[in-house]
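Scroll down for the structure; my scribbles are underneath it.
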Amino acid sequence: MKKFIDWLTNSFAPSAQKFFARPYIAGVSSAMVKVLPFILTGSLIYIYQIFVGFFPSVFPDLTILLKFSFRMLGLITAFLVPQQTMEKLGYKNYAINAGITGVLVFLVFMNPQFDESGLSTITYAYARFGPTGMFGALSAGLFTTVIFHFWAKLRILENNTSLPDFISDWFRNILPILTSVAISTVLVLVLNIDIFNIVNDFFKPISNFAQTLPGFMLLSFLQAGFFTLGVSPWVWGAIRTPIFATAIAANIAAVAAGQSPEFIVTYEVMFTLGLLTLGGQGSPLPLVLMMLKSKSKKLRQFGKVVLGPAIFNISEPIMYGLPVVFNPIMMIPMWINSLLGAVLIWVTMKANLLAIPSISLQTGSIPAPISSFLITQDWRSVIWWFVFLLVYGLVWYPFFKVLEKQKLEEEIAEIEANQLS
């Protein structure tokens with residue numbers, strides 16, 4: 001076990017951190033983080049709409065606002081991916097134009113339909129602008145970034161002192177803009193290649209696997225496992241956000257059509273529900289509650305410090321303060337809970353013992369079980385929250401006792417050392 005932990009600490013973790021720091025990976029992850037305010041705007045509207053459902057004569061219907069916030073995620077992503085990635089590559093002077101070009105390329109990738117004249121009317125499938133278009137938007141953004149990166153590396157007119165800087169900057173951006181739009185236009189509108197559908201078909205196996213129990217367990221474990229190695233769960237945004245957004249959009253559409261939601265693996269289930277992240281990533285709230293009653297003075301004091309953040313599902317203080325990160329004793333129960341929690345949630349929802357979320361509420365900092373009820377509108381979620389608290393506590397307990405024993409021995413040694421001095 002010691003050799004395994006040493007390998008994780010000294011070899012695997014540094015390599016993983018280097019991998020996630022690569023400009024293209026970091027750029028897409030950063031873009032997904034910056035998409036969140038628009039998702040949260042939609043979440044606020046969905047929360048408001050809950051009250052509209054109860055008091056329709058009192059509160060006006062604001063679903064129209066969703067059309068220009070949550071349901072424009074594809075368009076927003078198409079801008080942010082090239083803009084953020086070019087910044088990570090060190091070409092900030094190209095970033096804004098790359099983002100705008102990404103939007104133009106995405107509009108082409110969506111395969112617009114023109115009227116007979118080709119001048120007066122252009123038609124798009126509205127759903128493609130939103131979460132359904134996330135994979136297409138990612139592809140358009142990365143395609144644009146590659147072209148901009150290629151031209152940026154050529155450094156055209158960079159050392160030309162005969163032209164004003166703003167003119168040189170114009171010419172440096174014209175070439176990648178023209179190349180990006182020209183290539184995408186030829187592929188889609190001249191050669192009639194439906195890139196949008198090709199991209200969705202390519203990512204469909206990934207999305208389909210993510211919506212299985214093994215996929216759910218893997219995604220949960222990767223986030224918790226890498227977090228114990230010091231890699232923030234946010235880096236997985238590039239992978240999980242398109243999957244989550246597509247799934248919750250499908251659930252919302254299903255309910256609107258009078259059908260039952262079917263997709264479990266969404267942001268709402270993984271974070272907002274508060275059952276898989278009970279106290280934050282890795283479900284450390286039961287551990288915090290144990291520390292409050294610990295025989296160790298240091299653990300009791302630390303428990304009081306981290307209780308507040310844990311109630312709001314913020315686990316960083318305990319992860320880095322206890323620490324759990326690179327702590328062999330604490331890493332293992334966190335890994336177990338990430339897998340066990342996914343299995344329990346899957347079983348309860350598949351058995352119709354807990355409702356599958358069908359509204360978008362993408363904030364994990366609302367204390368559970370309040371958030372659990374909000375996202376499911378199912379009173380059974382409160383009962384399940386207490387069940388999960390107990391289950392996670394049983395997993396944490398033996399490892400906590402080992403940690404407590406170590407801390408008590410350290411405290412006794414400190415007291416003896418002070419007496420001798």
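Ordering of the structure tokens sets the chain letters (A, B, ...); residue numbers start at 1 within each chain; ligands are numbered from 1 in the order shown.
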Residues flagged alpha helix (DSSP H) by DSSP in segment 94-272 of chain A, as JSON, numbers by chain: {"A": [94, 95, 96, 97, 98, 99, 100, 101, 102, 103, 104, 105, 106, 107, 108, 109, 134, 135, 136, 137, 138, 139, 140, 141, 142, 143, 144, 145, 146, 147, 148, 149, 150, 151, 152, 153, 154, 165, 166, 167, 168, 169, 170, 171, 172, 173, 174, 175, 176, 177, 178, 179, 180, 181, 182, 183, 184, 185, 195, 196, 197, 198, 199, 200, 201, 202, 203, 204, 205, 206, 207, 208, 209, 210, 213, 214, 215, 216, 217, 218, 219, 220, 221, 222, 223, 224, 225, 226, 227, 237, 238, 239, 240, 241, 242, 243, 244, 245, 246, 247, 248, 249, 250, 251, 252, 253, 254, 255, 256, 267]}
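Once segment 28-43 of chain A and its same-chain neighbours fewer than 4 positions away are set aside, Tyr24, Ile47, Leu66, Ser69, Phe70, Leu73, Ile76, Thr77, Leu80, Val81, Gln84, Thr85, Trp234, Val235, Trp236, Gly237, Ala238, Thr241, Ile359, Ser360, Leu361, Gln362 and Thr363 of chain A remain within 8 Å of it when counting only C-alpha atoms.
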Enter the distance from atom CA of Phe202 of chain A to atom CA of Phe109 of chain A, in Å, rounded to one decimal.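 Computed distance, atom CA of Phe202 of chain A to atom CA of Phe109 of chain A, equals 14.6 Å.
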Residue with smallest distance to Thr376 of chain A - pool A:Leu403, A:Ala256, A:Leu353, A:Leu62, counting only C-alpha atoms: A:Leu353
Identify which of the residues A:Ala95, A:Ala137, A:Val347, A:Met331 lies closest to Leu75 of chain A, counting only C-alpha atoms when measuring atom-to-atom distances.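 Once distances to Leu75 of chain A are computed over only C-alpha atoms, the minimum belongs to A:Ala137.
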